file start.txt (compact mmCIF, C-alpha atoms)
# COMPACT_ATOMS: atom_id res chain seq x y z
CA MET A 85 85.03 106.66 98.38
CA ARG A 86 84.16 110.21 97.40
CA GLY A 87 85.67 111.26 94.12
CA LYS A 88 87.00 107.78 93.47
CA SER A 89 89.62 108.50 96.10
CA VAL A 90 90.17 105.01 97.49
CA LYS A 91 93.77 104.23 96.63
CA THR A 92 95.55 101.08 97.74
CA ARG A 93 98.41 98.98 96.45
CA ILE A 94 95.80 96.97 94.57
CA THR A 95 94.30 99.93 92.69
CA LYS A 96 97.82 101.02 91.74
CA LEU A 97 98.95 97.51 90.77
CA LEU A 98 95.90 96.81 88.60
CA GLY A 99 95.29 100.32 87.27
CA ILE A 100 91.71 100.48 88.57
CA GLU A 101 89.69 103.17 90.35
CA TYR A 102 87.91 101.16 93.02
CA PRO A 103 89.51 98.26 94.97
CA ILE A 104 86.68 95.97 93.88
CA ILE A 105 87.19 92.80 91.85
CA CYS A 106 84.65 90.49 90.25
CA GLY A 107 85.99 87.03 91.03
CA GLY A 108 86.27 84.41 88.32
CA MET A 109 83.03 82.42 88.12
CA PHE A 110 82.58 79.32 85.95
CA GLN A 111 79.92 79.88 83.26
CA VAL A 112 79.17 83.37 84.64
CA GLY A 113 82.54 85.04 84.04
CA ARG A 114 81.90 86.21 80.49
CA ALA A 115 82.64 89.32 78.49
CA GLU A 116 79.47 91.29 79.29
CA LEU A 117 79.94 91.04 83.03
CA ALA A 118 83.71 91.51 83.06
CA ALA A 119 83.58 94.57 80.81
CA ALA A 120 80.82 96.20 82.85
CA VAL A 121 82.79 95.78 86.09
CA SER A 122 85.93 97.21 84.51
CA GLU A 123 84.01 100.11 82.98
CA ALA A 124 82.56 100.94 86.40
CA GLY A 125 86.08 101.23 87.81
CA GLY A 126 86.72 97.75 89.22
CA LEU A 127 88.44 94.71 87.73
CA GLY A 128 86.35 92.32 85.67
CA ILE A 129 87.46 88.73 85.15
CA ILE A 130 86.53 86.24 82.44
CA THR A 131 87.00 82.53 83.12
CA SER A 132 89.10 80.59 80.64
CA LYS A 133 87.55 77.25 81.64
CA THR A 134 84.13 78.56 80.58
CA GLN A 135 85.45 79.11 77.06
CA VAL A 136 86.72 75.49 76.83
CA SER A 137 89.30 76.04 74.07
CA PRO A 138 92.11 78.54 73.46
CA GLU A 139 90.30 79.94 70.43
CA GLY A 140 87.11 80.26 72.45
CA LEU A 141 89.06 82.26 75.02
CA ARG A 142 90.56 84.44 72.30
CA SER A 143 87.10 85.22 70.98
CA GLU A 144 85.85 86.16 74.45
CA ILE A 145 88.85 88.42 75.01
CA HIS A 146 88.01 90.20 71.74
CA LYS A 147 84.46 90.73 73.04
CA VAL A 148 85.75 92.30 76.26
CA LYS A 149 88.08 94.58 74.29
CA SER A 150 85.16 95.72 72.15
CA LEU A 151 83.26 96.74 75.30
CA THR A 152 85.98 98.39 77.40
CA LYS A 153 89.47 99.80 77.13
CA LYS A 154 90.05 99.45 80.86
CA PRO A 155 92.05 96.65 82.56
CA PHE A 156 90.49 93.21 82.92
CA ALA A 157 91.80 89.80 83.93
CA VAL A 158 91.46 86.14 83.00
CA ASN A 159 90.99 83.32 85.50
CA LEU A 160 93.09 80.17 85.09
CA ASN A 161 91.38 77.21 86.75
CA LEU A 162 93.74 74.82 88.55
CA PHE A 163 91.05 72.68 90.19
CA PRO A 164 90.85 68.97 89.32
CA SER A 165 88.50 68.49 86.38
CA GLN A 166 86.83 65.71 84.41
CA THR A 167 88.26 67.30 81.28
CA ALA A 168 91.80 68.50 80.71
CA THR A 169 92.35 72.25 81.15
CA PRO A 170 94.84 73.62 78.58
CA ASN A 171 96.26 76.35 80.80
CA GLU A 172 99.58 76.54 78.94
CA ASP A 173 97.70 77.18 75.71
CA PHE A 174 95.43 79.68 77.46
CA ILE A 175 98.52 81.59 78.62
CA ASP A 176 99.81 81.68 75.03
CA VAL A 177 96.54 83.32 74.00
CA LEU A 178 96.87 85.88 76.79
CA ILE A 179 100.39 86.70 75.65
CA ASP A 180 99.19 87.11 72.05
CA GLU A 181 96.30 89.34 73.12
CA GLY A 182 98.27 91.49 75.55
CA VAL A 183 96.27 90.52 78.64
CA LYS A 184 98.55 91.09 81.62
CA ILE A 185 96.47 90.18 84.70
CA VAL A 186 95.54 86.63 85.69
CA GLU A 187 93.67 85.18 88.63
CA THR A 188 94.69 81.62 89.49
CA SER A 189 92.47 79.43 91.63
CA GLY A 190 92.49 75.85 92.83
CA ARG A 191 95.85 74.17 93.30
CA SER A 192 99.20 75.92 93.64
CA PRO A 193 100.21 77.91 90.52
CA LYS A 194 103.82 76.76 90.98
CA GLU A 195 104.10 75.06 87.58
CA LEU A 196 102.73 78.10 85.73
CA MET A 197 104.64 80.80 87.60
CA PRO A 198 107.88 80.74 85.55
CA LYS A 199 106.00 81.30 82.29
CA LEU A 200 103.70 83.90 83.82
CA LYS A 201 106.49 85.95 85.39
CA GLU A 202 108.79 85.68 82.37
CA ASN A 203 106.02 87.26 80.32
CA GLY A 204 105.26 90.06 82.78
CA PHE A 205 101.92 88.91 84.15
CA ILE A 206 100.41 90.27 87.35
CA VAL A 207 99.29 87.16 89.25
CA LEU A 208 96.47 87.18 91.80
CA HIS A 209 96.17 83.79 93.49
CA LYS A 210 93.09 82.72 95.42
CA VAL A 211 93.70 80.92 98.73
CA ALA A 212 91.58 79.55 101.56
CA GLY A 213 94.05 79.57 104.43
CA VAL A 214 97.14 81.19 105.94
CA LYS A 215 99.65 78.53 104.91
CA TYR A 216 98.51 78.75 101.30
CA ALA A 217 98.90 82.54 101.30
CA VAL A 218 102.44 82.25 102.67
CA SER A 219 103.32 79.62 100.05
CA ALA A 220 101.87 81.75 97.26
CA GLU A 221 103.93 84.75 98.36
CA LYS A 222 107.09 82.61 98.23
CA LEU A 223 106.19 81.58 94.67
CA GLY A 224 106.18 85.23 93.63
CA VAL A 225 102.50 86.00 93.16
CA ASP A 226 101.72 89.72 93.26
CA ALA A 227 98.71 89.52 95.59
CA VAL A 228 96.56 86.92 97.29
CA ILE A 229 92.79 86.74 97.25
CA ILE A 230 91.57 85.12 100.44
CA VAL A 231 88.18 83.45 100.74
CA GLY A 232 86.57 82.58 104.03
CA ASN A 233 83.93 79.95 104.68
CA GLU A 234 81.13 82.35 103.65
CA THR A 235 82.26 82.33 100.03
CA GLY A 236 80.32 80.80 97.16
CA GLY A 237 82.23 78.11 95.31
CA HIS A 238 85.24 76.57 97.04
CA PRO A 239 85.87 77.85 100.60
CA GLY A 240 88.50 75.27 101.52
CA MET A 241 88.42 72.64 104.24
CA SER A 242 89.04 74.76 107.34
CA ASP A 243 85.55 76.22 107.99
CA VAL A 244 87.23 79.49 109.06
CA GLY A 245 85.28 82.65 108.27
CA THR A 246 86.71 85.78 106.70
CA LEU A 247 86.44 87.73 109.97
CA VAL A 248 89.30 85.69 111.43
CA MET A 249 91.11 84.55 108.29
CA LEU A 250 91.59 88.03 106.84
CA PRO A 251 93.63 89.61 109.68
CA ARG A 252 95.55 86.34 110.11
CA ILE A 253 96.70 86.46 106.50
CA VAL A 254 97.34 90.22 106.52
CA ASP A 255 99.68 89.61 109.47
CA SER A 256 101.41 86.72 107.67
CA VAL A 257 102.34 88.16 104.26
CA LYS A 258 103.79 91.39 102.90
CA ILE A 259 102.08 91.36 99.51
CA PRO A 260 98.62 92.94 99.10
CA VAL A 261 95.65 90.94 100.36
CA ILE A 262 92.24 91.02 98.69
CA ALA A 263 89.35 89.89 100.90
CA GLY A 264 86.61 87.56 99.72
CA GLY A 265 83.72 85.69 101.28
CA GLY A 266 80.66 87.55 102.52
CA TYR A 267 81.17 90.88 100.74
CA ALA A 268 78.26 92.49 98.93
CA ASP A 269 78.13 96.18 99.85
CA GLY A 270 80.07 99.30 100.81
CA ARG A 271 79.96 98.44 104.51
CA GLY A 272 81.83 95.24 103.75
CA LEU A 273 84.43 97.13 101.74
CA VAL A 274 85.12 99.50 104.64
CA SER A 275 85.38 96.60 107.09
CA ALA A 276 87.83 94.77 104.83
CA LEU A 277 90.04 97.84 104.53
CA ALA A 278 89.89 98.26 108.30
CA PHE A 279 91.22 94.72 108.71
CA GLY A 280 94.17 95.49 106.44
CA ALA A 281 92.90 94.23 103.08
CA GLU A 282 93.63 96.40 100.06
CA GLY A 283 90.56 95.41 98.11
CA ILE A 284 87.63 93.01 98.02
CA VAL A 285 86.47 90.35 95.62
CA MET A 286 82.76 89.69 95.09
CA GLY A 287 81.09 86.94 93.09
CA THR A 288 77.59 86.32 94.38
CA ARG A 289 76.70 90.03 94.41
CA PHE A 290 77.75 90.47 90.80
CA MET A 291 75.50 87.59 89.75
CA ALA A 292 72.45 89.63 90.76
CA THR A 293 73.18 92.49 88.35
CA GLU A 294 71.63 93.48 85.05
CA GLU A 295 74.80 92.62 83.13
CA ALA A 296 75.30 89.12 84.58
CA PRO A 297 74.73 86.68 81.68
CA ILE A 298 72.40 84.39 83.60
CA HIS A 299 68.65 83.74 83.64
CA GLU A 300 66.34 86.16 85.44
CA ASN A 301 64.95 83.26 87.51
CA VAL A 302 68.33 82.92 89.19
CA LYS A 303 68.65 86.63 89.87
CA GLN A 304 65.16 86.82 91.35
CA TRP A 305 65.82 83.78 93.55
CA MET A 306 68.87 85.58 94.91
CA VAL A 307 66.86 88.69 95.77
CA GLU A 308 64.35 86.58 97.68
CA ALA A 309 66.91 84.28 99.36
CA ASP A 310 68.58 84.83 102.71
CA GLU A 311 71.90 83.80 104.23
CA THR A 312 70.55 80.37 105.21
CA ASN A 313 69.78 79.36 101.62
CA THR A 314 73.22 77.92 100.84
CA ILE A 315 74.89 74.64 101.75
CA VAL A 316 78.43 73.26 101.68
CA ILE A 317 78.66 69.95 99.81
CA GLN A 318 81.45 67.72 98.44
CA ARG A 319 83.36 67.56 101.72
CA ASN A 320 83.61 63.79 101.42
CA ILE A 321 85.52 64.04 98.16
CA GLY A 322 87.91 66.72 99.44
CA SER A 323 86.47 69.55 97.35
CA PRO A 324 83.96 71.42 99.52
CA SER A 325 81.74 73.80 97.62
CA ARG A 326 79.18 76.32 98.89
CA VAL A 327 76.18 76.28 96.58
CA ALA A 328 72.56 77.35 96.47
CA LEU A 329 70.21 75.21 98.52
CA ASN A 330 68.00 73.36 96.03
CA GLU A 331 66.75 69.84 95.37
CA ILE A 332 70.03 68.72 93.79
CA SER A 333 72.30 70.05 96.54
CA LYS A 334 70.03 68.50 99.17
CA GLU A 335 70.28 65.16 97.37
CA VAL A 336 74.08 65.41 97.17
CA ASP A 337 74.21 66.17 100.89
CA ARG A 338 72.00 63.16 101.63
CA LEU A 339 74.13 60.85 99.51
CA GLU A 340 77.33 62.11 101.11
CA ASN A 341 75.93 61.41 104.56
CA GLU A 342 75.30 57.84 103.36
CA GLY A 343 78.91 57.50 102.19
CA ALA A 344 78.47 58.00 98.45
CA THR A 345 81.58 57.77 96.23
CA ILE A 346 82.67 60.42 93.77
CA GLU A 347 81.46 58.19 90.93
CA GLN A 348 77.98 58.21 92.46
CA LEU A 349 78.04 61.98 92.93
CA LEU A 350 79.42 63.00 89.54
CA PRO A 351 76.11 62.84 87.64
CA LEU A 352 74.71 65.37 90.11
CA ILE A 353 77.69 67.69 90.64
CA THR A 354 78.98 67.99 87.08
CA GLY A 355 79.45 71.60 86.07
CA GLN A 356 77.61 70.98 82.82
CA ARG A 357 74.33 70.72 84.73
CA ALA A 358 74.78 74.27 85.96
CA LYS A 359 74.03 75.44 82.42
CA GLN A 360 70.41 74.40 82.96
CA VAL A 361 70.30 76.76 85.92
CA TYR A 362 72.17 79.72 84.48
CA PHE A 363 70.80 79.73 80.95
CA GLU A 364 67.44 77.94 81.14
CA GLY A 365 66.36 79.21 84.56
CA ASP A 366 65.77 75.74 86.02
CA LEU A 367 66.66 76.42 89.66
CA ASN A 368 66.81 72.69 90.39
CA GLY A 369 68.70 71.80 87.22
CA GLY A 370 72.05 71.38 88.95
CA ILE A 371 74.30 72.73 91.67
CA TRP A 372 75.48 76.32 91.34
CA SER A 373 77.82 78.41 93.43
CA CYS A 374 76.26 80.90 95.83
CA GLY A 375 77.77 82.57 98.90
CA GLN A 376 76.14 83.55 102.18
CA SER A 377 76.26 87.19 101.05
CA VAL A 378 73.13 86.37 99.05
CA GLY A 379 71.31 87.39 102.23
CA LEU A 380 72.51 90.97 101.67
CA ILE A 381 71.12 91.25 98.14
CA LYS A 382 67.84 93.16 98.00
CA GLU A 383 67.63 94.26 94.36
CA ILE A 384 69.01 93.71 90.88
CA LEU A 385 71.08 96.72 89.83
CA SER A 386 73.26 97.72 86.94
CA ILE A 387 76.90 97.45 87.88
CA LYS A 388 77.30 101.20 87.52
CA ASP A 389 74.47 101.72 90.03
CA LEU A 390 75.88 99.02 92.31
CA PHE A 391 79.21 100.82 92.48
CA ALA A 392 77.46 104.12 93.20
CA GLN A 393 75.43 102.47 95.96
CA MET A 394 78.55 100.88 97.46
CA ALA A 395 80.32 104.25 97.44
CA ALA A 396 77.41 105.85 99.32
CA GLU A 397 77.33 102.99 101.84
CA ALA A 398 81.09 103.19 102.34
CA ASN A 399 80.96 106.94 102.93
CA LYS A 400 78.11 106.52 105.42
CA SER A 401 80.12 103.89 107.32
CA ILE A 402 83.23 106.07 107.36
CA ASN A 403 81.26 109.07 108.58
CA PHE A 404 79.72 106.99 111.35
CA ILE A 405 83.13 105.75 112.46
CA GLN A 406 84.57 109.25 112.45
CA LYS A 407 81.61 110.59 114.41
CA SER A 408 81.66 107.77 116.95
CA MET A 409 85.39 108.25 117.56
CA SER A 410 85.09 111.99 118.05
CA PRO A 411 85.81 113.08 121.67
CA HIS A 412 82.54 115.02 121.56
CA SER A 413 80.48 112.13 120.22
CA LYS A 414 77.26 111.16 121.99
CA VAL A 415 77.00 107.84 120.12
call {"tool": "encode", "arguments": {"input": "start.txt", "output": "structure tokens"}}
result
Amino acid sequence: MRGKSVKTRITKLLGIEYPIICGGMFQVGRAELAAAVSEAGGLGIITSKTQVSPEGLRSEIHKVKSLTKKPFAVNLNLFPSQTATPNEDFIDVLIDEGVKIVETSGRSPKELMPKLKENGFIVLHKVAGVKYAVSAEKLGVDAVIIVGNETGGHPGMSDVGTLVMLPRIVDSVKIPVIAGGGYADGRGLVSALAFGAEGIVMGTRFMATEEAPIHENVKQWMVEADETNTIVIQRNIGSPSRVALNEISKEVDRLENEGATIEQLLPLITGQRAKQVYFEGDLNGGIWSCGQSVGLIKEILSIKDLFAQMAAEANKSINFIQKSMSPHSKV
């Protein structure tokens, strides 16, 4: 990564310097974080669902534009929700504001694709399995983001880790593949590229940065946590989610093991409770997404410093590989 020299189809497609993307995160994907990632040379993403209304999204887009002139994206949430998600109206705002990159996540973006492609959007669709990647390619998305079981948020039902899923999907599609689930440093970036990915997406690692708009209690918990401090819940309702291990997630897990219905779980799993965690610092206030890569986080950095650290780690890994493969190597 010396001299910002990592060039892939993803960096060219998105107009970015590093093949590093900050995935869309509910409540966390706001202007400050997205702009800082884009300014550092990656792709920042704000989440439309966080902004609730089209005008709220428009205001957040204006904030990003005031902080960076570099490319950024907007996530369109296709997951089932207690409240209606006005994605068509969100797209109209994006058209008005000249935003040209979207990340779609959740269900298939089939219904939105005609409008997105007619208006020249670059579409990155997040998938959790080979068949979904193949289907997304047929729909005309420009790249797929794959997330293995390590990922925070929704890893899908298969329990397959990124180590196996990534090369399987690379071998199954022709469009660029962006790897997610377990990435937090430059070593991970090099490994993803070695498997055929053309970039990585990180969420958990970006939460533990100075620019992340969340309470310091959460960031400090992440520094002190390890890879065992997450849990997958909501399997029983067909929407598995990897979250931080706390009193609420333990209670949800207990109730699920006793056969609880979605109606019984909703008071505990509602996304609104996450606000108590993110903005008030109550670590047991609700469930909140957290990937196993939390075990790789040792300090809270600015995003600029995080990118510099990742570049150094990537170069060290590349040098080690080159040295170990040399015919004169003693490694």
call {"tool": "residues_near_point", "arguments": {"input": "start.txt", "point": "(90.5, 99.3, 95.3)", "cutoff": "6 Å", "atoms": "only C-alpha atoms", "output": "PyMOL selection string"}}
result
chain A and resi 92+94-95+102-104+283
call {"tool": "closest_residue", "arguments": {"input": "start.txt", "among": "A:Ile346, A:Ile315, A:Ile229, A:Leu329", "to": "Tyr216 (chain A)", "atoms": "all atoms listed in the file"}}
result
A:Ile229
call {"tool": "residues_near_point", "arguments": {"input": "start.txt", "point": "(105.1, 79.0, 98.0)", "cutoff": "12 Å", "atoms": "all atoms listed in the file", "output": "PDB file with C-alpha atoms, keeping the file's coordinate frame"}}
result
ATOM      1  CA  ARG A 191      95.850  74.170  93.300  1.00  0.00           C
ATOM      2  CA  SER A 192      99.200  75.920  93.640  1.00  0.00           C
ATOM      3  CA  PRO A 193     100.210  77.910  90.520  1.00  0.00           C
ATOM      4  CA  LYS A 194     103.820  76.760  90.980  1.00  0.00           C
ATOM      5  CA  GLU A 195     104.100  75.060  87.580  1.00  0.00           C
ATOM      6  CA  MET A 197     104.640  80.800  87.600  1.00  0.00           C
ATOM      7  CA  HIS A 209      96.170  83.790  93.490  1.00  0.00           C
ATOM      8  CA  VAL A 211      93.700  80.920  98.730  1.00  0.00           C
ATOM      9  CA  VAL A 214      97.140  81.190 105.940  1.00  0.00           C
ATOM     10  CA  LYS A 215      99.650  78.530 104.910  1.00  0.00           C
ATOM     11  CA  TYR A 216      98.510  78.750 101.300  1.00  0.00           C
ATOM     12  CA  ALA A 217      98.900  82.540 101.300  1.00  0.00           C
ATOM     13  CA  VAL A 218     102.440  82.250 102.670  1.00  0.00           C
ATOM     14  CA  SER A 219     103.320  79.620 100.050  1.00  0.00           C
ATOM     15  CA  ALA A 220     101.870  81.750  97.260  1.00  0.00           C
ATOM     16  CA  GLU A 221     103.930  84.750  98.360  1.00  0.00           C
ATOM     17  CA  LYS A 222     107.090  82.610  98.230  1.00  0.00           C
ATOM     18  CA  LEU A 223     106.190  81.580  94.670  1.00  0.00           C
ATOM     19  CA  GLY A 224     106.180  85.230  93.630  1.00  0.00           C
ATOM     20  CA  VAL A 225     102.500  86.000  93.160  1.00  0.00           C
ATOM     21  CA  VAL A 228      96.560  86.920  97.290  1.00  0.00           C
ATOM     22  CA  VAL A 257     102.340  88.160 104.260  1.00  0.00           C
TER      23      VAL A 257
END
call {"tool": "residues_around", "arguments": {"input": "start.txt", "residues": "region 293-305 of chain A", "least_positions_apart": "2", "cutoff": "9 Å", "atoms": "all atoms listed in the file", "output": "short mmCIF file (atom, residue, chain, number, x, y, z; two decimals) with C-alpha atoms, in the coordinates of the input"}}
result
data_model
loop_
_atom_site.label_atom_id
_atom_site.label_comp_id
_atom_site.auth_asym_id
_atom_site.auth_seq_id
_atom_site.Cartn_x
_atom_site.Cartn_y
_atom_site.Cartn_z
CA GLN A 111 79.92 79.88 83.26
CA VAL A 112 79.17 83.37 84.64
CA GLY A 113 82.54 85.04 84.04
CA ARG A 114 81.90 86.21 80.49
CA ALA A 115 82.64 89.32 78.49
CA GLU A 116 79.47 91.29 79.29
CA LEU A 117 79.94 91.04 83.03
CA ALA A 118 83.71 91.51 83.06
CA ALA A 120 80.82 96.20 82.85
CA ARG A 289 76.70 90.03 94.41
CA PHE A 290 77.75 90.47 90.80
CA MET A 291 75.50 87.59 89.75
CA VAL A 307 66.86 88.69 95.77
CA GLU A 308 64.35 86.58 97.68
CA ALA A 309 66.91 84.28 99.36
CA VAL A 361 70.30 76.76 85.92
CA TYR A 362 72.17 79.72 84.48
CA PHE A 363 70.80 79.73 80.95
CA GLU A 364 67.44 77.94 81.14
CA GLY A 365 66.36 79.21 84.56
CA ASP A 366 65.77 75.74 86.02
CA LEU A 367 66.66 76.42 89.66
CA GLU A 383 67.63 94.26 94.36
CA ILE A 384 69.01 93.71 90.88
CA LEU A 385 71.08 96.72 89.83
CA SER A 386 73.26 97.72 86.94
CA ILE A 387 76.90 97.45 87.88
CA LEU A 390 75.88 99.02 92.31
#
call {"tool": "residues_around", "arguments": {"input": "start.txt", "residues": "Ile262 (chain A)", "least_positions_apart": "4", "cutoff": "12 Å", "atoms": "all atoms listed in the file", "output": "MDAnalysis selection string"}}
result
chainID A and resid 92:95 103:107 187 208:212 217 226:232 246 249:251 253:254 257 267 273 276:277 279:286
call {"tool": "closest_residue", "arguments": {"input": "start.txt", "among": "A:Gln135, A:Thr235, A:Thr354, A:Gln360", "to": "Asn161 (chain A)", "atoms": "all atoms listed in the file"}}
result
A:Gln135
call {"tool": "residues_around", "arguments": {"input": "start.txt", "residues": "Ser323 (chain A)", "least_positions_apart": "4", "cutoff": "8 Å", "atoms": "all atoms listed in the file", "output": "PDB file with C-alpha atoms, in the frame of the given file"}}
result
ATOM      1  CA  HIS A 238      85.240  76.570  97.040  1.00  0.00           C
ATOM      2  CA  GLY A 240      88.500  75.270 101.520  1.00  0.00           C
ATOM      3  CA  MET A 241      88.420  72.640 104.240  1.00  0.00           C
ATOM      4  CA  GLN A 318      81.450  67.720  98.440  1.00  0.00           C
ATOM      5  CA  ARG A 319      83.360  67.560 101.720  1.00  0.00           C
TER       6      ARG A 319
END
call {"tool": "residues_around", "arguments": {"input": "start.txt", "residues": "Met306 (chain A)", "least_positions_apart": "4", "cutoff": "8 Å", "atoms": "only C-alpha atoms", "output": "list in words"}}
result
Ala292, Val302, Asp310, Val378, Gly379 and Ile381 of chain A
call {"tool": "axis_aligned_box", "arguments": {"input": "start.txt", "around": "region 270-286 of chain A", "padding_each_side": "4 Å", "output": "JSON"}}
result
{"center_x": 87.1, "center_y": 94.6, "center_z": 101.9, "size_x": 22.2, "size_y": 17.8, "size_z": 21.6}
call {"tool": "closest_residue", "arguments": {"input": "start.txt", "among": "A:Lys96, A:Asn159, A:Gln376, A:Arg142", "to": "Gly245 (chain A)", "atoms": "only C-alpha atoms"}}
result
A:Gln376
call {"tool": "closest_residue", "arguments": {"input": "start.txt", "among": "A:Val183, A:Ile175, A:Pro164, A:Gly190", "to": "Ile145 (chain A)", "atoms": "all atoms listed in the file"}}
result
A:Val183
call {"tool": "atom_distance", "arguments": {"input": "start.txt", "atom1": "CA of Ile321 (chain A)", "atom2": "CA of Ser373 (chain A)"}}
result
17.0 Å
call {"tool": "closest_residue", "arguments": {"input": "start.txt", "among": "A:Glu342, A:Val186, A:Gly355, A:Val327", "to": "Gly375 (chain A)", "atoms": "all atoms listed in the file"}}
result
A:Val327
